[in-house]
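Enquirer: Just passing along the structure, written as structure tokens.
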Amino acid sequence: MFFDFSSAFNTILPSVLKDKLVNAGVDHHFATWILDYLSDRPQYVRTQGCVSDSVVCSTGAPQGTVLAPFLFTIYTADFSYNSTQCFLQKFSDDSAIVGLIKDGDDKEYRRLTQDFVDWCQLNYLQINASNTMELVVDYCRHKHSSLQPLSIQGMDIETVDSYRYLGVRLNNKLDWTHNSDALYRKGQSRLYLLRRLRSFGVVGPLLKTFYDSVVASAIFYGVVCWGSSISAGDRKRLNRLIRRASSVLGCPLDPVEVVSDRRMTAKLSSMLDNISHPMQVTLTAMSSSFSGRLRHPRCGTERFRRSFLPTAVRLYNKSVG
């Protein structure tokens, strides 16, 4: 379940936020300073030399500031949930509930969803039910009867085949086809810009900088998630774009599999070094006290074997020898 908030940052109540800061152990004087920062803010519109009348605003956090996402994270931090069947995933104002439903028993999933909706209402956060979507992943050969739709604010939530979450497109087969299509289209459009820059006589080092910052950033977005799991056909398509960029630059470029392996190894290493990482307990249990390697998790399916953790463990063990 992917939740969409209506003007999430604009609905923060400074007085409620101050209480949450104090309850979290933040110094009272600093919490009061945050309250003053968010209260009585004059706002106006300037266009073509004309300035509108000022309006004083005492709700929300100014969008575009570094502080706003951090304050929203604190504002929503007091609601969390994590069990073997369900958990709530939050990244700033992007929230999702993930549920493992067995034998059609979705009671915990529905209860968690309703609790989260009720909590949002109590904290003055407005859920946009029309843009809130549900994605159902079911690999059973013999499909059970479809789950009854969830209802929020009297509106049935739409079940979709794919959804874009944090810039990565997920579908109900988890095969990354939709995501690969989107990356290919974006890579094509930015490769055109690279060619245009070369036609203008831009020198090689600047072209390489443009490739790294604009083209490669689009092609390899979220590669840690999908790099080891995409189909051979999708990998060939993306590598074809990289070869075209290489011909424009006149220098070799790393293909998808090389970039993916490098970033997955670096990601796993950073997770091992971060004692506060949510997977630290799992990774510690996988560590070997003799060789410094990690025990490979048991994989019941090829899909899981090609996912991030098993693949990263294999790459990490290979790097440590």
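Starting from 1 in every chain, residues are counted up; chains themselves are A, B, ... following the order of the structure tokens, and ligands are numbered from 1 as listed.
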I'd like the contact shell of A:Thr59 - 7 Å cut-off, only C-alpha atoms, skipping same-chain residues fewer than 6 positions apart - returned as a PyMOL selection string.
Expert: chain A and resi 10-14+38-39
Enquirer: Go ahead and write the selection's residues with N, CA and C atoms as a PDB file, in the first residue's frame.
Expert:
ATOM      1  N   ASN A  10       2.929  21.058   4.233  1.00  0.00           N
ATOM      2  CA  ASN A  10       2.113  22.225   4.576  1.00  0.00           C
ATOM      3  C   ASN A  10       1.122  21.954   5.702  1.00  0.00           C
ATOM      4  N   THR A  11       0.958  20.699   6.092  1.00  0.00           N
ATOM      5  CA  THR A  11      -0.035  20.377   7.119  1.00  0.00           C
ATOM      6  C   THR A  11       0.587  20.152   8.496  1.00  0.00           C
ATOM      7  N   ILE A  12       1.894  20.334   8.612  1.00  0.00           N
ATOM      8  CA  ILE A  12       2.545  20.187   9.919  1.00  0.00           C
ATOM      9  C   ILE A  12       2.068  21.294  10.853  1.00  0.00           C
ATOM     10  N   LEU A  13       1.645  20.926  12.043  1.00  0.00           N
ATOM     11  CA  LEU A  13       1.286  21.907  13.062  1.00  0.00           C
ATOM     12  C   LEU A  13       2.500  22.162  13.946  1.00  0.00           C
ATOM     13  N   PRO A  14       3.042  23.381  13.952  1.00  0.00           N
ATOM     14  CA  PRO A  14       4.255  23.663  14.725  1.00  0.00           C
ATOM     15  C   PRO A  14       4.135  23.323  16.205  1.00  0.00           C
ATOM     16  N   LEU A  38       8.753  28.370  12.531  1.00  0.00           N
ATOM     17  CA  LEU A  38       7.611  27.942  11.720  1.00  0.00           C
ATOM     18  C   LEU A  38       6.371  28.812  11.910  1.00  0.00           C
ATOM     19  N   SER A  39       6.371  29.686  12.897  1.00  0.00           N
ATOM     20  CA  SER A  39       5.180  30.484  13.214  1.00  0.00           C
ATOM     21  C   SER A  39       5.277  31.884  12.621  1.00  0.00           C
TER      22      SER A  39
END
Enquirer: When you look at A:Tyr316 with a cut-off of 7 Å (counting only C-alpha atoms), what residues show up, excluding the ones that are within fewer than 4 positions of it in the same chain? I need them as a ChimeraX atom specification.
Expert: /A:265,312,320
Enquirer: How about saving the chosen residues, N, CA and C atoms kept, as a JSON list (two decimals), in the first residue's frame?
Expert:
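Generated output (result-v9.json):
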[["chain", "number", "residue", "atom", "x", "y", "z"],
["A", 265, "THR", "N", 28.58, -4.11, -3.89],
["A", 265, "THR", "CA", 29.63, -4.43, -2.92],
["A", 265, "THR", "C", 29.85, -3.27, -1.97],
["A", 312, "ALA", "N", 24.89, -9.60, -3.31],
["A", 312, "ALA", "CA", 25.89, -8.78, -2.64],
["A", 312, "ALA", "C", 26.79, -9.62, -1.75],
["A", 320, "VAL", "N", 36.78, -10.36, -0.57],
["A", 320, "VAL", "CA", 37.65, -10.59, 0.59],
["A", 320, "VAL", "C", 38.52, -11.82, 0.41]]
Enquirer: Find the spatial neighbours of stretch 155-172 of chain A, counting only C-alpha atoms, within a cut-off of 7 Å - ignore same-chain residues fewer than 4 positions away - and output them as a ChimeraX atom specification.
Expert: /A:129,132-137,149-151,176,178-179,222
Enquirer: Just write the chosen residues, C-alpha atoms, as an mmCIF file, in the first residue's frame.
Expert:
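Everything below was put into again-v3.cif:
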data_model
loop_
_atom_site.group_PDB
_atom_site.id
_atom_site.type_symbol
_atom_site.label_atom_id
_atom_site.label_comp_id
_atom_site.auth_asym_id
_atom_site.auth_seq_id
_atom_site.Cartn_x
_atom_site.Cartn_y
_atom_site.Cartn_z
ATOM 1 C CA ALA A 129 -7.157 8.392 -1.076
ATOM 2 C CA THR A 132 -3.102 6.056 -2.755
ATOM 3 C CA MET A 133 -2.410 2.776 -4.556
ATOM 4 C CA GLU A 134 -2.130 -0.901 -3.690
ATOM 5 C CA LEU A 135 0.242 -3.300 -5.458
ATOM 6 C CA VAL A 136 -0.401 -7.042 -5.004
ATOM 7 C CA VAL A 137 2.423 -9.494 -5.752
ATOM 8 C CA PRO A 149 -10.325 -3.859 -1.792
ATOM 9 C CA LEU A 150 -9.287 -1.682 1.103
ATOM 10 C CA SER A 151 -11.302 1.426 1.836
ATOM 11 C CA TRP A 176 11.864 -4.753 -13.430
ATOM 12 C CA HIS A 178 8.632 -1.277 -16.406
ATOM 13 C CA ASN A 179 11.639 0.205 -14.643
ATOM 14 C CA GLY A 222 18.617 2.500 -8.269
#
Enquirer: So which residues of stretch 6-197 of chain A fall under strand (DSSP E) by DSSP, listed as an NGL selection string?
Expert: :A and (41-43 or 46-47 or 50-51 or 55-57 or 86-91 or 94-99 or 133-135 or 151-152 or 155-156 or 158-160 or 162-165 or 168-171)
Enquirer: Keeping C-alpha atoms for every residue in the selection just given, could you write it to a file as an mmCIF file, in the first residue's frame?
Expert:
data_model
loop_
_atom_site.group_PDB
_atom_site.id
_atom_site.type_symbol
_atom_site.label_atom_id
_atom_site.label_comp_id
_atom_site.auth_asym_id
_atom_site.auth_seq_id
_atom_site.Cartn_x
_atom_site.Cartn_y
_atom_site.Cartn_z
ATOM 1 C CA ARG A 41 5.884 33.471 8.458
ATOM 2 C CA PRO A 42 5.023 36.257 5.970
ATOM 3 C CA GLN A 43 4.476 35.011 2.423
ATOM 4 C CA ARG A 46 6.285 38.396 -6.855
ATOM 5 C CA THR A 47 5.720 38.309 -10.617
ATOM 6 C CA CYS A 50 4.516 43.199 -8.980
ATOM 7 C CA VAL A 51 4.232 42.042 -5.371
ATOM 8 C CA VAL A 55 -0.180 36.593 4.159
ATOM 9 C CA VAL A 56 0.976 35.333 7.539
ATOM 10 C CA CYS A 57 1.274 31.539 7.743
ATOM 11 C CA CYS A 86 3.755 -6.419 8.166
ATOM 12 C CA PHE A 87 5.881 -3.329 8.457
ATOM 13 C CA LEU A 88 5.605 0.371 7.721
ATOM 14 C CA GLN A 89 8.300 1.871 5.487
ATOM 15 C CA LYS A 90 8.747 5.655 5.614
ATOM 16 C CA PHE A 91 11.046 7.968 3.691
ATOM 17 C CA ASP A 94 6.692 8.662 1.025
ATOM 18 C CA SER A 95 5.088 5.985 3.194
ATOM 19 C CA ALA A 96 4.268 2.387 2.322
ATOM 20 C CA ILE A 97 2.834 -0.568 4.219
ATOM 21 C CA VAL A 98 4.179 -3.973 3.195
ATOM 22 C CA GLY A 99 2.200 -7.037 4.210
ATOM 23 C CA MET A 133 -2.410 2.776 -4.556
ATOM 24 C CA GLU A 134 -2.130 -0.901 -3.690
ATOM 25 C CA LEU A 135 0.242 -3.300 -5.458
ATOM 26 C CA SER A 151 -11.302 1.426 1.836
ATOM 27 C CA ILE A 152 -9.894 4.717 3.129
ATOM 28 C CA MET A 155 -13.146 5.322 -1.007
ATOM 29 C CA ASP A 156 -11.938 1.963 -2.343
ATOM 30 C CA GLU A 158 -7.176 1.181 -6.535
ATOM 31 C CA THR A 159 -5.053 -1.918 -7.148
ATOM 32 C CA VAL A 160 -2.417 -1.257 -9.819
ATOM 33 C CA SER A 162 2.937 -1.064 -11.359
ATOM 34 C CA TYR A 163 3.898 1.878 -9.175
ATOM 35 C CA ARG A 164 6.752 4.373 -9.080
ATOM 36 C CA TYR A 165 8.191 4.509 -5.558
ATOM 37 C CA VAL A 168 12.023 3.165 -9.014
ATOM 38 C CA ARG A 169 9.184 1.475 -10.887
ATOM 39 C CA LEU A 170 7.855 -1.703 -9.281
ATOM 40 C CA ASN A 171 5.373 -4.077 -10.889
#
Enquirer: Write out as JSON lines the residues of stretch 238-266 of chain A that have any atom within 8 Å of an atom of stretch 185-202 of chain A, one row each with the nearest atom pair and its distance in Å to one decimal, counting only C-alpha atoms, sorted by chain and then rising number.
Expert:
{"residue": "A:Leu241", "atom": "CA", "partner": "A:Gln188", "partner_atom": "CA", "distance": 7.1}
{"residue": "A:Ala245", "atom": "CA", "partner": "A:Leu191", "partner_atom": "CA", "distance": 6.6}
{"residue": "A:Val248", "atom": "CA", "partner": "A:Arg195", "partner_atom": "CA", "distance": 6.7}
Enquirer: Write a file of the selected residues as a compact mmCIF listing (two decimals), in the first residue's frame, keeping C-alpha atoms.
Expert:
# COMPACT_ATOMS: atom_id res chain seq x y z
CA LEU A 241 22.98 3.00 -24.71
CA ALA A 245 27.70 7.13 -25.20
CA VAL A 248 30.40 9.86 -28.49
Enquirer: Can you tell me which residues surround A:Lys267 at a distance of at most 12 Å, considering only C-alpha atoms, apart from same-chain residues fewer than 5 positions away, and format the answer as JSON, numbers by chain?
Expert: {"A": [222, 223, 224, 225, 260, 261, 262, 272, 273, 274, 277, 308, 309, 311, 312, 313, 315, 316]}
Enquirer: Quick one: distance from atom CA of A:Ala266 to atom CA of A:Cys299 in Å, one decimal?
Expert: 22.3 Å
Enquirer: Determine which residues of stretch 49-228 of chain A receive a DSSP assignment of helix (DSSP H, G or I), computed from the backbone, and state them as a PyMOL selection string.
Expert: chain A and resi 67-75+107-122+129-131+177-199+204-219+223-226
Enquirer: I'd like the neighbourhood of A:Thr73 as JSON, numbers by chain, where a residue qualifies if any of its atoms comes within 8 Å (using only C-alpha atoms), though same-chain residues fewer than 3 positions away should be ignored.
Expert: {"A": [69, 70, 76, 77, 91, 92, 93]}
Enquirer: Measure the distance from atom CA of A:Ser246 to atom CA of A:Lys208 in Å and round it to one decimal.
Expert: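 These two atoms are separated by 9.5 Å.
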Enquirer: At a cut-off of 10 Å, using only C-alpha atoms, what residues contact stretch 236-239 of chain A? Leave out same-chain residues fewer than 2 positions from it and give the result as a list in words.
Expert: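 With the cut-off at 10 Å, the set is Ser180, Asp181, Leu183, Tyr184, Arg185, Gly187, Gln188, Ile219, Phe220, Ser231, Ala232, Gly233, Asp234, Leu241, Ile242, Arg243, Arg244, Ala245, Leu253, Asp254, Pro255, Val256 and Glu257 of chain A.
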Enquirer: Next, write the just-selected residues to a file, as a PDB file, in the first residue's frame, keeping C-alpha atoms as the atom set.
Expert:
ATOM      1  CA  SER A 180      14.017  -0.809 -17.443  1.00  0.00           C
ATOM      2  CA  ASP A 181      11.711   0.726 -20.053  1.00  0.00           C
ATOM      3  CA  LEU A 183      15.434   4.052 -17.696  1.00  0.00           C
ATOM      4  CA  TYR A 184      15.971   3.326 -21.379  1.00  0.00           C
ATOM      5  CA  ARG A 185      13.695   6.160 -22.495  1.00  0.00           C
ATOM      6  CA  GLY A 187      18.783   7.473 -21.143  1.00  0.00           C
ATOM      7  CA  GLN A 188      17.925   7.948 -24.825  1.00  0.00           C
ATOM      8  CA  ILE A 219      20.686   4.939 -16.552  1.00  0.00           C
ATOM      9  CA  PHE A 220      22.051   3.640 -13.247  1.00  0.00           C
ATOM     10  CA  SER A 231      16.454  -9.799 -17.722  1.00  0.00           C
ATOM     11  CA  ALA A 232      19.260 -10.355 -20.206  1.00  0.00           C
ATOM     12  CA  GLY A 233      17.296  -8.438 -22.838  1.00  0.00           C
ATOM     13  CA  ASP A 234      16.879  -5.363 -20.649  1.00  0.00           C
ATOM     14  CA  LEU A 241      22.977   3.003 -24.707  1.00  0.00           C
ATOM     15  CA  ILE A 242      26.264   2.957 -22.815  1.00  0.00           C
ATOM     16  CA  ARG A 243      28.164   1.835 -25.929  1.00  0.00           C
ATOM     17  CA  ARG A 244      26.611   4.700 -27.890  1.00  0.00           C
ATOM     18  CA  ALA A 245      27.700   7.129 -25.196  1.00  0.00           C
ATOM     19  CA  LEU A 253      32.621   3.106 -20.209  1.00  0.00           C
ATOM     20  CA  ASP A 254      31.653   0.511 -17.627  1.00  0.00           C
ATOM     21  CA  PRO A 255      28.620  -1.623 -18.584  1.00  0.00           C
ATOM     22  CA  VAL A 256      25.629  -2.203 -16.332  1.00  0.00           C
ATOM     23  CA  GLU A 257      26.941  -5.396 -14.717  1.00  0.00           C
TER      24      GLU A 257
END
Enquirer: Residues at most 10 Å from stretch 303-307 of chain A, counting only C-alpha atoms, excluding those fewer than 5 positions away in the same chain, as a list in words?
Expert: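 Skipping anything fewer than 5 positions along the chain leaves Leu174, Asp175, Val224, Cys225, Trp226, Gly227, Ser228, Ser229, Ile230, His296, Pro297, Arg298 and Ala312 of chain A.
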Enquirer: Write out, as an mmCIF file, in the first residue's frame, the residues just selected, with N, CA and C atoms.
Expert:
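Below is the file that was written, out09.cif:
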data_model
loop_
_atom_site.group_PDB
_atom_site.id
_atom_site.type_symbol
_atom_site.label_atom_id
_atom_site.label_comp_id
_atom_site.auth_asym_id
_atom_site.auth_seq_id
_atom_site.Cartn_x
_atom_site.Cartn_y
_atom_site.Cartn_z
ATOM 1 N N LEU A 174 7.575 -8.124 -10.187
ATOM 2 C CA LEU A 174 8.921 -7.801 -9.700
ATOM 3 C C LEU A 174 9.997 -8.220 -10.698
ATOM 4 N N ASP A 175 9.727 -8.003 -11.987
ATOM 5 C CA ASP A 175 10.704 -8.386 -13.008
ATOM 6 C C ASP A 175 11.445 -7.183 -13.583
ATOM 7 N N VAL A 224 21.444 -0.644 -7.537
ATOM 8 C CA VAL A 224 21.638 -1.596 -6.443
ATOM 9 C C VAL A 224 20.400 -2.478 -6.275
ATOM 10 N N CYS A 225 19.224 -1.931 -6.559
ATOM 11 C CA CYS A 225 17.977 -2.692 -6.411
ATOM 12 C C CYS A 225 17.789 -3.692 -7.547
ATOM 13 N N TRP A 226 18.034 -3.253 -8.778
ATOM 14 C CA TRP A 226 17.636 -4.062 -9.922
ATOM 15 C C TRP A 226 18.802 -4.637 -10.725
ATOM 16 N N GLY A 227 20.032 -4.233 -10.424
ATOM 17 C CA GLY A 227 21.161 -4.593 -11.276
ATOM 18 C C GLY A 227 21.349 -6.081 -11.494
ATOM 19 N N SER A 228 21.120 -6.887 -10.478
ATOM 20 C CA SER A 228 21.340 -8.333 -10.598
ATOM 21 C C SER A 228 20.079 -9.091 -10.983
ATOM 22 N N SER A 229 18.957 -8.397 -11.108
ATOM 23 C CA SER A 229 17.674 -9.084 -11.301
ATOM 24 C C SER A 229 17.025 -8.839 -12.652
ATOM 25 N N ILE A 230 17.510 -7.877 -13.422
ATOM 26 C CA ILE A 230 16.852 -7.586 -14.693
ATOM 27 C C ILE A 230 17.132 -8.702 -15.693
ATOM 28 N N HIS A 296 26.208 -17.447 3.007
ATOM 29 C CA HIS A 296 25.218 -17.178 1.963
ATOM 30 C C HIS A 296 23.834 -17.599 2.446
ATOM 31 N N PRO A 297 22.830 -16.725 2.302
ATOM 32 C CA PRO A 297 21.476 -17.103 2.737
ATOM 33 C C PRO A 297 20.902 -18.214 1.867
ATOM 34 N N ARG A 298 20.034 -19.017 2.460
ATOM 35 C CA ARG A 298 19.369 -20.063 1.693
ATOM 36 C C ARG A 298 18.373 -19.438 0.727
ATOM 37 N N ALA A 312 24.887 -9.602 -3.306
ATOM 38 C CA ALA A 312 25.894 -8.781 -2.638
ATOM 39 C C ALA A 312 26.794 -9.624 -1.749
#
Enquirer: Choose the residue, out of A:Asp40, A:Glu302, A:Ser83, A:Tyr75, that has the smallest atom-to-atom separation from A:Leu21; count only C-alpha atoms.
Expert: A:Tyr75
Enquirer: Mind giving me the straight-line distance from atom CA of A:Cys120 to atom CA of A:Gln85 in Å, one decimal?
Expert: 21.8 Å
Enquirer: Determine the nearest neighbour of A:Asn131 from the options A:Ser15, A:Ser6, A:Ser54, A:Ser247, counting only C-alpha atoms.
Expert: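 Checking each of A:Ser15, A:Ser6, A:Ser54, A:Ser247 against A:Asn131, counting only C-alpha atoms, the winner is A:Ser6.
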